[in-house]
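The next block is upload16.tsv, given as TSV, C-alpha atoms (C1' of nucleotides).
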chain	number	residue	atom	x	y	z
A	1	MET	CA	27.47	28.44	-30.47
A	2	SER	CA	29.32	26.06	-28.26
A	3	ASP	CA	27.15	27.52	-25.53
A	4	LEU	CA	24.07	26.61	-27.45
A	5	LEU	CA	25.35	23.12	-27.91
A	6	ALA	CA	26.11	22.89	-24.23
A	7	ASP	CA	22.55	23.97	-23.59
A	8	GLN	CA	21.33	21.14	-25.78
A	9	GLN	CA	23.11	18.64	-23.59
A	10	LEU	CA	21.50	15.25	-23.31
A	11	PHE	CA	21.79	12.91	-20.34
A	12	GLY	CA	21.73	9.18	-19.95
A	13	ILE	CA	19.03	7.78	-17.72
A	14	GLY	CA	21.37	7.49	-14.75
A	15	GLU	CA	22.45	11.11	-14.82
A	16	ALA	CA	18.91	12.24	-15.63
A	17	ALA	CA	17.48	10.31	-12.71
A	18	SER	CA	19.96	11.72	-10.23
A	19	ARG	CA	19.45	15.26	-11.51
A	20	ALA	CA	15.69	14.90	-11.30
A	21	GLY	CA	15.90	13.28	-7.89
A	22	VAL	CA	14.06	10.15	-8.90
A	23	THR	CA	15.10	6.59	-9.74
A	24	GLU	CA	15.70	5.19	-13.19
A	25	ARG	CA	12.77	2.89	-12.64
A	26	ALA	CA	10.50	5.86	-12.04
A	27	LEU	CA	11.59	7.48	-15.30
A	28	ARG	CA	10.84	4.31	-17.24
A	29	TYR	CA	7.56	3.95	-15.43
A	30	TYR	CA	6.49	7.51	-16.22
A	31	GLN	CA	7.31	6.80	-19.82
A	32	GLU	CA	5.29	3.60	-19.71
A	33	LEU	CA	2.29	5.63	-18.58
A	34	GLY	CA	2.87	8.21	-21.29
A	35	LEU	CA	3.86	11.04	-18.96
A	36	ILE	CA	7.23	11.67	-20.56
A	37	GLU	CA	9.19	10.55	-23.58
A	38	PRO	CA	12.96	11.02	-23.63
A	39	SER	CA	13.94	13.62	-26.22
A	40	GLY	CA	16.04	11.05	-28.02
A	41	ARG	CA	17.58	7.62	-28.15
A	42	THR	CA	21.06	6.58	-29.19
A	43	LYS	CA	21.38	4.34	-32.21
A	44	GLY	CA	21.66	1.45	-29.80
A	45	GLY	CA	18.36	2.33	-28.11
A	46	MET	CA	19.56	4.10	-24.99
A	47	ARG	CA	17.37	6.92	-23.67
A	48	ARG	CA	18.67	10.50	-23.84
A	49	TYR	CA	17.02	13.14	-21.69
A	50	SER	CA	17.13	16.91	-22.27
A	51	GLN	CA	16.69	19.68	-19.71
A	52	TYR	CA	13.12	20.03	-20.95
A	53	ASP	CA	12.52	16.42	-19.98
A	54	LEU	CA	13.96	17.01	-16.54
A	55	ASP	CA	11.72	20.03	-16.05
A	56	ARG	CA	8.79	17.87	-16.97
A	57	VAL	CA	9.76	15.31	-14.37
A	58	ALA	CA	10.00	18.08	-11.79
A	59	ARG	CA	6.51	19.13	-12.76
A	60	ILE	CA	5.27	15.58	-12.28
A	61	ARG	CA	6.73	15.42	-8.78
A	62	GLU	CA	5.27	18.80	-7.96
A	63	LEU	CA	1.78	17.78	-9.02
A	64	GLN	CA	2.22	14.58	-7.07
A	65	SER	CA	3.42	15.96	-3.78
A	66	LEU	CA	1.76	19.35	-3.80
A	67	LEU	CA	-1.67	18.54	-5.14
A	68	GLY	CA	-1.73	14.85	-4.36
A	69	LEU	CA	-2.74	13.92	-7.88
A	70	ASN	CA	-2.18	10.38	-9.05
A	71	LEU	CA	-0.24	9.65	-12.21
A	72	ASP	CA	-3.35	9.33	-14.35
A	73	GLU	CA	-4.58	12.75	-13.27
A	74	ILE	CA	-1.12	14.16	-13.85
A	75	ALA	CA	-1.16	12.70	-17.33
A	76	ALA	CA	-4.36	14.64	-17.96
A	77	VAL	CA	-2.88	17.89	-16.66
A	78	LEU	CA	0.23	17.43	-18.78
A	79	ARG	CA	-1.86	16.68	-21.85
A	80	ASN	CA	-3.68	19.93	-21.19
A	81	GLU	CA	-0.45	21.83	-20.92
A	82	ASP	CA	0.90	20.24	-24.07
A	83	ARG	CA	-2.30	21.22	-25.79
A	84	THR	CA	-1.85	24.79	-24.60
A	85	ALA	CA	1.65	24.84	-26.03
A	86	GLN	CA	0.28	23.50	-29.28
A	87	ILE	CA	-2.31	26.23	-29.24
A	88	ARG	CA	0.36	28.87	-28.70
A	89	ALA	CA	2.22	27.54	-31.70
A	90	ALA	CA	-0.86	27.69	-33.86
A	91	TYR	CA	-1.61	31.11	-32.43
A	92	PHE	CA	1.63	32.56	-33.73
A	93	ASP	CA	1.22	30.82	-37.05
A	94	GLU	CA	0.20	33.25	-39.78
A	95	GLY	CA	-1.97	30.56	-41.30
A	96	THR	CA	-4.37	30.57	-38.36
A	97	GLY	CA	-7.48	32.70	-38.79
A	98	THR	CA	-8.74	35.18	-36.20
A	99	VAL	CA	-11.85	33.25	-35.27
A	100	GLU	CA	-9.82	30.12	-34.87
A	101	LYS	CA	-7.26	31.88	-32.71
A	102	ARG	CA	-9.93	33.13	-30.35
A	103	ALA	CA	-11.33	29.61	-30.04
A	104	LEU	CA	-7.89	28.23	-29.26
A	105	LEU	CA	-7.20	30.88	-26.66
A	106	GLY	CA	-10.58	30.22	-25.10
A	107	GLU	CA	-9.89	26.52	-24.81
A	108	SER	CA	-6.50	27.23	-23.33
A	109	LEU	CA	-8.03	29.56	-20.77
A	110	THR	CA	-10.63	27.02	-19.73
A	111	LEU	CA	-7.99	24.39	-19.08
A	112	ALA	CA	-5.89	26.74	-17.00
A	113	ARG	CA	-8.89	27.94	-15.02
A	114	ASP	CA	-9.96	24.39	-14.26
A	115	LEU	CA	-6.60	23.64	-12.75
A	116	ARG	CA	-6.71	26.92	-10.88
A	117	ARG	CA	-9.95	25.96	-9.20
A	118	THR	CA	-8.42	22.73	-7.98
A	119	VAL	CA	-5.38	24.49	-6.60
A	120	GLU	CA	-7.36	27.32	-5.06
A	121	SER	CA	-9.70	25.04	-3.13
A	122	LYS	CA	-6.69	23.19	-1.81
A	123	ARG	CA	-5.11	26.44	-0.74
A	124	ALA	CA	-8.26	27.55	1.03
A	125	ALA	CA	-8.42	24.29	2.95
A	126	LEU	CA	-4.78	24.60	3.86
A	127	ASP	CA	-5.25	28.19	5.00
A	128	SER	CA	-8.07	27.36	7.35
A	129	PHE	CA	-6.05	24.45	8.65
A	130	LEU	CA	-3.20	26.82	9.33
A	131	ALA	CA	-5.51	29.31	11.00
A	132	ASP	CA	-6.75	26.65	13.39
A	133	LEU	CA	-3.23	25.64	14.15
A	134	ASP	CA	-2.17	29.22	14.79
A	135	ALA	CA	-5.07	29.72	17.15
A	136	ARG	CA	-3.99	26.68	19.11
A	137	ILE	CA	-0.42	27.90	19.21
A	138	GLU	CA	-1.42	31.34	20.41
A	139	LYS	CA	-3.49	29.84	23.19
A	140	ILE	CA	-0.54	27.88	24.43
A	141	GLU	CA	1.77	30.87	24.14
A	142	ALA	CA	-0.67	33.02	26.10
A	143	ALA	CA	-0.79	30.40	28.82
A	144	LEU	CA	2.98	30.38	28.96
A	145	GLU	CA	3.03	34.18	29.07
A	146	ARG	CA	0.95	34.14	32.21
A	147	TYR	CA	3.62	32.03	33.83
A	148	ALA	CA	6.65	34.04	32.71
B	149	MET	CA	-30.88	16.31	30.09
B	150	SER	CA	-32.57	14.50	27.25
B	151	ASP	CA	-30.63	16.91	25.09
B	152	LEU	CA	-27.44	15.80	26.68
B	153	LEU	CA	-28.36	12.22	26.07
B	154	ALA	CA	-29.16	13.00	22.45
B	155	ASP	CA	-25.76	14.59	22.17
B	156	GLN	CA	-24.22	11.42	23.46
B	157	GLN	CA	-25.71	9.48	20.59
B	158	LEU	CA	-23.70	6.50	19.43
B	159	PHE	CA	-23.69	5.03	15.94
B	160	GLY	CA	-23.15	1.56	14.58
B	161	ILE	CA	-20.27	1.14	12.20
B	162	GLY	CA	-22.53	1.37	9.15
B	163	GLU	CA	-24.05	4.69	10.13
B	164	ALA	CA	-20.70	5.97	11.35
B	165	ALA	CA	-19.01	5.08	8.09
B	166	SER	CA	-21.62	6.78	5.96
B	167	ARG	CA	-21.57	9.88	8.16
B	168	ALA	CA	-17.80	10.06	8.01
B	169	GLY	CA	-17.77	9.40	4.30
B	170	VAL	CA	-15.55	6.34	4.53
B	171	THR	CA	-16.14	2.61	4.37
B	172	GLU	CA	-16.60	0.28	7.31
B	173	ARG	CA	-13.44	-1.45	6.27
B	174	ALA	CA	-11.52	1.82	6.56
B	175	LEU	CA	-12.83	2.37	10.10
B	176	ARG	CA	-11.72	-1.09	11.16
B	177	TYR	CA	-8.39	-0.53	9.45
B	178	TYR	CA	-7.78	2.78	11.22
B	179	GLN	CA	-8.54	1.05	14.45
B	180	GLU	CA	-6.13	-1.74	13.59
B	181	LEU	CA	-3.41	0.88	13.17
B	182	GLY	CA	-4.36	2.53	16.43
B	183	LEU	CA	-5.67	5.75	14.88
B	184	ILE	CA	-9.09	5.51	16.46
B	185	GLU	CA	-10.93	3.44	18.98
B	186	PRO	CA	-14.73	3.41	19.01
B	187	SER	CA	-16.05	5.10	22.14
B	188	GLY	CA	-17.79	1.91	23.10
B	189	ARG	CA	-18.89	-1.60	22.27
B	190	THR	CA	-22.20	-3.28	22.89
B	191	LYS	CA	-22.24	-6.23	25.23
B	192	GLY	CA	-22.11	-8.43	22.16
B	193	GLY	CA	-18.99	-6.73	20.85
B	194	MET	CA	-20.37	-4.37	18.23
B	195	ARG	CA	-18.55	-1.05	17.77
B	196	ARG	CA	-20.30	2.16	18.82
B	197	TYR	CA	-18.99	5.46	17.50
B	198	SER	CA	-19.58	8.88	19.05
B	199	GLN	CA	-19.48	12.27	17.35
B	200	TYR	CA	-16.01	12.70	18.78
B	201	ASP	CA	-14.94	9.59	16.93
B	202	LEU	CA	-16.41	10.89	13.70
B	203	ASP	CA	-14.55	14.18	14.11
B	204	ARG	CA	-11.40	12.21	14.57
B	205	VAL	CA	-12.00	10.34	11.34
B	206	ALA	CA	-12.58	13.66	9.58
B	207	ARG	CA	-9.25	14.83	10.94
B	208	ILE	CA	-7.56	11.71	9.61
B	209	ARG	CA	-8.96	12.31	6.14
B	210	GLU	CA	-7.93	15.94	6.29
B	211	LEU	CA	-4.36	15.11	7.20
B	212	GLN	CA	-4.36	12.52	4.46
B	213	SER	CA	-5.71	14.58	1.60
B	214	LEU	CA	-4.50	18.01	2.62
B	215	LEU	CA	-1.00	17.29	3.82
B	216	GLY	CA	-0.46	13.98	2.08
B	217	LEU	CA	0.62	12.26	5.27
B	218	ASN	CA	0.52	8.50	5.44
B	219	LEU	CA	-1.34	6.72	8.21
B	220	ASP	CA	1.76	6.21	10.31
B	221	GLU	CA	2.56	9.91	10.23
B	222	ILE	CA	-1.06	10.69	11.01
B	223	ALA	CA	-0.86	8.36	13.97
B	224	ALA	CA	2.06	10.43	15.23
B	225	VAL	CA	0.19	13.70	14.78
B	226	LEU	CA	-2.85	12.33	16.57
B	227	ARG	CA	-0.72	11.02	19.40
B	228	ASN	CA	0.71	14.52	19.70
B	229	GLU	CA	-2.73	16.04	19.84
B	230	ASP	CA	-3.91	13.51	22.38
B	231	ARG	CA	-0.86	14.32	24.40
B	232	THR	CA	-1.69	18.02	24.22
B	233	ALA	CA	-5.19	17.30	25.46
B	234	GLN	CA	-3.70	15.28	28.29
B	235	ILE	CA	-1.42	18.16	29.09
B	236	ARG	CA	-4.35	20.55	29.18
B	237	ALA	CA	-6.08	18.28	31.64
B	238	ALA	CA	-3.02	18.15	33.87
B	239	TYR	CA	-2.66	21.89	33.43
B	240	PHE	CA	-6.01	22.58	35.01
B	241	ASP	CA	-5.40	20.08	37.73
B	242	GLU	CA	-4.58	21.76	41.00
B	243	GLY	CA	-2.20	18.95	41.79
B	244	THR	CA	0.23	19.96	39.05
B	245	GLY	CA	3.11	22.16	40.12
B	246	THR	CA	4.08	25.37	38.34
B	247	VAL	CA	7.38	24.12	37.00
B	248	GLU	CA	5.71	21.02	35.72
B	249	LYS	CA	2.98	23.04	34.07
B	250	ARG	CA	5.49	25.14	32.21
B	251	ALA	CA	7.27	22.05	30.96
B	252	LEU	CA	4.01	20.56	29.75
B	253	LEU	CA	3.05	23.73	27.94
B	254	GLY	CA	6.47	23.90	26.36
B	255	GLU	CA	6.21	20.38	25.04
B	256	SER	CA	2.78	21.10	23.70
B	257	LEU	CA	4.03	24.20	21.96
B	258	THR	CA	6.92	22.38	20.33
B	259	LEU	CA	4.62	19.76	18.89
B	260	ALA	CA	2.24	22.33	17.46
B	261	ARG	CA	5.06	24.39	15.99
B	262	ASP	CA	6.56	21.34	14.32
B	263	LEU	CA	3.31	20.66	12.57
B	264	ARG	CA	3.01	24.30	11.68
B	265	ARG	CA	6.33	24.25	9.88
B	266	THR	CA	5.19	21.34	7.75
B	267	VAL	CA	1.95	23.03	6.85
B	268	GLU	CA	3.55	26.39	6.21
B	269	SER	CA	6.11	25.04	3.76
B	270	LYS	CA	3.35	23.29	1.93
B	271	ARG	CA	1.36	26.48	1.77
B	272	ALA	CA	4.34	28.41	0.42
B	273	ALA	CA	4.85	25.87	-2.34
B	274	LEU	CA	1.18	25.98	-3.17
B	275	ASP	CA	1.20	29.75	-3.27
B	276	SER	CA	4.04	29.94	-5.74
B	277	PHE	CA	2.36	27.28	-7.81
B	278	LEU	CA	-0.77	29.39	-7.84
B	279	ALA	CA	1.17	32.51	-8.74
B	280	ASP	CA	2.66	30.78	-11.77
B	281	LEU	CA	-0.72	29.61	-12.82
B	282	ASP	CA	-2.21	33.07	-12.44
B	283	ALA	CA	0.55	34.54	-14.56
B	284	ARG	CA	-0.23	32.06	-17.29
B	285	ILE	CA	-3.92	32.82	-17.10
B	286	GLU	CA	-3.34	36.56	-17.30
B	287	LYS	CA	-1.20	36.14	-20.38
B	288	ILE	CA	-3.95	34.26	-22.12
B	289	GLU	CA	-6.57	36.78	-21.03
B	290	ALA	CA	-4.43	39.63	-22.31
B	291	ALA	CA	-4.10	37.90	-25.65
B	292	LEU	CA	-7.86	37.49	-25.79
B	293	GLU	CA	-8.31	41.17	-24.87
B	294	ARG	CA	-6.33	42.22	-27.90
B	295	TYR	CA	-8.83	40.35	-30.03
B	296	ALA	CA	-12.01	41.63	-28.41
C	297	DG	C1'	-38.75	-16.88	20.19
C	298	DC	C1'	-37.96	-15.69	15.24
C	299	DT	C1'	-36.29	-13.38	11.50
C	300	DG	C1'	-33.81	-10.20	8.56
C	301	DA	C1'	-30.46	-6.76	8.74
C	302	DA	C1'	-26.32	-5.25	10.70
C	303	DC	C1'	-22.09	-6.65	12.49
C	304	DC	C1'	-18.15	-9.66	13.99
C	305	DT	C1'	-13.28	-11.73	13.00
C	306	DG	C1'	-10.26	-13.70	9.98
C	307	DC	C1'	-8.04	-13.74	5.65
C	308	DC	C1'	-6.95	-13.51	0.80
C	309	DG	C1'	-7.29	-10.05	-3.30
C	310	DT	C1'	-6.37	-5.55	-5.58
C	311	DT	C1'	-4.46	-1.17	-7.05
C	312	DG	C1'	-0.92	2.37	-7.58
C	313	DA	C1'	3.74	3.40	-7.72
C	314	DC	C1'	7.37	1.82	-7.97
C	315	DG	C1'	11.74	-2.00	-6.33
C	316	DT	C1'	14.62	-5.47	-7.81
C	317	DA	C1'	16.89	-9.06	-10.12
C	318	DA	C1'	17.99	-11.70	-14.51
C	319	DG	C1'	20.08	-12.09	-18.77
C	320	DG	C1'	21.55	-9.82	-21.99
C	321	DG	C1'	23.37	-5.49	-25.42
C	322	DA	C1'	25.73	-0.50	-25.87
C	323	DC	C1'	29.33	2.74	-25.11
C	324	DA	C1'	33.69	5.24	-23.83
C	325	DG	C1'	38.33	5.02	-22.89
C	326	DA	C1'	42.91	2.54	-22.91
D	327	DT	C1'	39.72	-4.94	-29.42
D	328	DC	C1'	38.92	-5.28	-24.77
D	329	DT	C1'	36.93	-4.03	-20.49
D	330	DG	C1'	34.22	-1.87	-17.07
D	331	DT	C1'	30.21	0.60	-16.65
D	332	DC	C1'	25.93	1.99	-18.13
D	333	DC	C1'	21.73	0.70	-20.08
D	334	DC	C1'	18.10	-2.37	-22.32
D	335	DT	C1'	13.63	-5.27	-21.79
D	336	DT	C1'	10.98	-8.57	-19.25
D	337	DA	C1'	8.93	-9.97	-15.35
D	338	DC	C1'	8.10	-11.08	-10.69
D	339	DG	C1'	8.13	-8.77	-5.79
D	340	DT	C1'	6.66	-5.16	-2.37
D	341	DC	C1'	4.20	-1.87	0.46
D	342	DA	C1'	0.34	0.99	1.82
D	343	DA	C1'	-4.44	1.38	2.09
D	344	DC	C1'	-7.91	-0.56	1.79
D	345	DG	C1'	-11.82	-4.16	-0.95
D	346	DG	C1'	-14.38	-8.11	-0.52
D	347	DC	C1'	-15.50	-12.40	0.64
D	348	DA	C1'	-16.82	-16.55	4.17
D	349	DG	C1'	-18.81	-18.38	8.09
D	350	DG	C1'	-20.64	-17.28	12.34
D	351	DT	C1'	-22.92	-13.73	15.88
D	352	DT	C1'	-25.84	-9.89	17.57
D	353	DC	C1'	-29.56	-6.80	17.48
D	354	DA	C1'	-34.12	-4.66	16.82
D	355	DG	C1'	-38.70	-5.36	15.85
D	356	DC	C1'	-42.72	-8.29	15.72

Here is the file; what I need is its structure written in the form of structure tokens.
Amino acid sequence: MSDLLADQQLFGIGEAASRAGVTERALRYYQELGLIEPSGRTKGGMRRYSQYDLDRVARIRELQSLLGLNLDEIAAVLRNEDRTAQIRAAYFDEGTGTVEKRALLGESLTLARDLRRTVESKRAALDSFLADLDARIEKIEAALERYA
Amino acid sequence: MSDLLADQQLFGIGEAASRAGVTERALRYYQELGLIEPSGRTKGGMRRYSQYDLDRVARIRELQSLLGLNLDEIAAVLRNEDRTAQIRAAYFDEGTGTVEKRALLGESLTLARDLRRTVESKRAALDSFLADLDARIEKIEAALERYA
DNA sequence: GCTGAACCTGCCGTTGACGTAAGGGACAGA
DNA sequence: TCTGTCCCTTACGTCAACGGCAGGTTCAGC
């Protein structure tokens, strides 16, 4: 149980920022835009971040650097993912009817597929870029070969 | 020969901008940063862009959106590519000695490989991102299957 | 030669994503 | 209780990548 408590560890904004690899200002800014909300606050009003929060920050950075989304678009993606989690919760709730469950799953699937399309098109572009680059490299290597 | 002339067609900044899918302001800004230089000017000083110039703009946008490079980094990449082209020219020049040629090719190869590393790491990250997403999608689909 | 559209060079404005400093409270350890 | 460090909110500053004028010039067609 002490392990469980250790797992529930909360961090101040300084520690959280350094673990997440961002600045404190960035964390406050993300919060301002509604991207994250620290899991708790001390009685005095100081932010306390959980590992879940840190993972969420990592996700934000990933969406930023990998897909080039701006923070508004990221907010939308995160809302979608939160919604999916919500759906999962309702899905496992005995009180949810079958028809309802199917609707929820369908919605969830649509959201995920939308994101997938975005990512896939990016990947395709990147692949063809890489192919071009490889062709160029091979040409140069072949030229060098002829001189070796 | 009229075909050749047609191929050499030059565009004003308005037409060039709309063809490249950017604004006139952006074209002037890229020029300010040394990313492009219109192939010519009229006697009165108006910019004239060639197809080569437009391709270069497309490349700038690609590096921007695909790799997330800023304009300074793009300037560096373009300088590298220009250098490679220069090298190719020298390479086919009879006046260039064998040792020199090999050095030029080596430099060219290094530049291309550097860029390749950047692109490849990005692709890897994107791939794992996509794999995660696919796993999520399959889970949802499986859940839906059980209800069909 | 005239006219309307396209273009020129400044140059200040804007937007997104934070940076940074001020003027205070909160907290943990001695 | 005191002290050093961490943290709070508020608010102005910054940097990249352009946007958008103003005031004058050039060009293409008639």

message: Quick check: residues of chain A within 8 Å of chain D, all atoms listed in the file, returned as a count of residues only.
response: 4

Min atom-atom distance to chain C from the set A:Glu81, A:Glu145, A:Asp134, A:Glu24, counting only C-alpha atoms (C1' of nucleotides), belongs to A:Glu24

Pull the closest atom pair for each residue of chain C that gets at most 9 Å from chain A, along with the distance in Å to one decimal, counting only C-alpha atoms (C1' of nucleotides), ordering rows by chain and then ascending residue number, as JSON lines.
{"residue": "C:DG312", "atom": "C1'", "partner": "A:Asn70", "partner_atom": "CA", "distance": 8.2}
{"residue": "C:DA313", "atom": "C1'", "partner": "A:Ala26", "partner_atom": "CA", "distance": 8.4}
{"residue": "C:DC314", "atom": "C1'", "partner": "A:Ala26", "partner_atom": "CA", "distance": 6.5}
{"residue": "C:DG315", "atom": "C1'", "partner": "A:Arg25", "partner_atom": "CA", "distance": 8.0}
{"residue": "C:DG321", "atom": "C1'", "partner": "A:Gly44", "partner_atom": "CA", "distance": 8.4}
{"residue": "C:DA322", "atom": "C1'", "partner": "A:Gly44", "partner_atom": "CA", "distance": 6.0}

Please tabulate, as a Markdown table, the residues of chain B that come within 10 Å of chain A, each with its closest pair of atoms and the distance in Å to one decimal, counting only C-alpha atoms and ordering rows by chain, then residue number upward.
| residue | atom | partner | partner_atom | distance |
| --- | --- | --- | --- | --- |
| B:Glu210 | CA | A:Ala125 | CA | 9.0 |
| B:Leu211 | CA | A:Phe129 | CA | 9.6 |
| B:Gln212 | CA | A:Gly68 | CA | 9.5 |
| B:Ser213 | CA | A:Gly68 | CA | 7.2 |
| B:Leu214 | CA | A:Leu126 | CA | 6.7 |
| B:Leu215 | CA | A:Leu126 | CA | 8.2 |
| B:Gly216 | CA | A:Gly68 | CA | 6.6 |
| B:Thr232 | CA | A:Ile140 | CA | 9.9 |
| B:Arg236 | CA | A:Ile140 | CA | 9.5 |
| B:Tyr239 | CA | A:Ala143 | CA | 9.9 |
| B:Thr246 | CA | A:Tyr147 | CA | 8.1 |
| B:Val247 | CA | A:Tyr147 | CA | 9.3 |
| B:Lys249 | CA | A:Leu144 | CA | 8.9 |
| B:Arg250 | CA | A:Leu144 | CA | 6.7 |
| B:Ala251 | CA | A:Leu144 | CA | 9.6 |
| B:Leu252 | CA | A:Leu144 | CA | 9.9 |
| B:Leu253 | CA | A:Ile140 | CA | 6.5 |
| B:Gly254 | CA | A:Leu144 | CA | 7.8 |
| B:Ser256 | CA | A:Ile140 | CA | 7.6 |
| B:Leu257 | CA | A:Ile140 | CA | 6.4 |
| B:Thr258 | CA | A:Ile137 | CA | 9.3 |
| B:Leu259 | CA | A:Ile137 | CA | 9.6 |
| B:Ala260 | CA | A:Ile137 | CA | 6.4 |
| B:Arg261 | CA | A:Ile137 | CA | 7.3 |
| B:Leu263 | CA | A:Leu133 | CA | 8.4 |
| B:Arg264 | CA | A:Leu133 | CA | 6.8 |
| B:Arg265 | CA | A:Leu130 | CA | 9.9 |
| B:Val267 | CA | A:Leu130 | CA | 6.9 |
| B:Glu268 | CA | A:Leu130 | CA | 7.4 |
| B:Lys270 | CA | A:Leu66 | CA | 7.1 |
| B:Arg271 | CA | A:Leu126 | CA | 6.8 |
| B:Ala272 | CA | A:Arg123 | CA | 9.7 |
| B:Ala273 | CA | A:Leu66 | CA | 7.4 |
| B:Leu274 | CA | A:Leu66 | CA | 6.7 |
| B:Asp275 | CA | A:Arg123 | CA | 7.6 |
| B:Phe277 | CA | A:Val119 | CA | 8.3 |
| B:Leu278 | CA | A:Val119 | CA | 6.8 |
| B:Ala279 | CA | A:Arg116 | CA | 9.9 |
| B:Leu281 | CA | A:Arg116 | CA | 6.8 |
| B:Asp282 | CA | A:Arg116 | CA | 7.8 |
| B:Arg284 | CA | A:Ala112 | CA | 7.8 |
| B:Ile285 | CA | A:Ala112 | CA | 6.4 |
| B:Glu286 | CA | A:Leu109 | CA | 9.1 |
| B:Lys287 | CA | A:Leu109 | CA | 9.5 |
| B:Ile288 | CA | A:Leu109 | CA | 6.4 |
| B:Glu289 | CA | A:Leu109 | CA | 7.4 |
| B:Ala291 | CA | A:Leu105 | CA | 7.7 |
| B:Leu292 | CA | A:Arg102 | CA | 6.6 |
| B:Glu293 | CA | A:Arg102 | CA | 9.9 |
| B:Tyr295 | CA | A:Arg102 | CA | 7.3 |
| B:Ala296 | CA | A:Arg102 | CA | 9.0 |

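The space separating atom CA of A:Leu10 from atom CA of A:Arg48 comes to 5.6 Å.
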
| query | Which neighbours of A:Phe11 fall inside 10 Å, counting all atoms listed in the file, when residues of the same chain fewer than 3 positions from it are skipped, and could you give them as a ChimeraX atom specification? | reply | /A:8,14-17,19,38-40,47-51,53-54
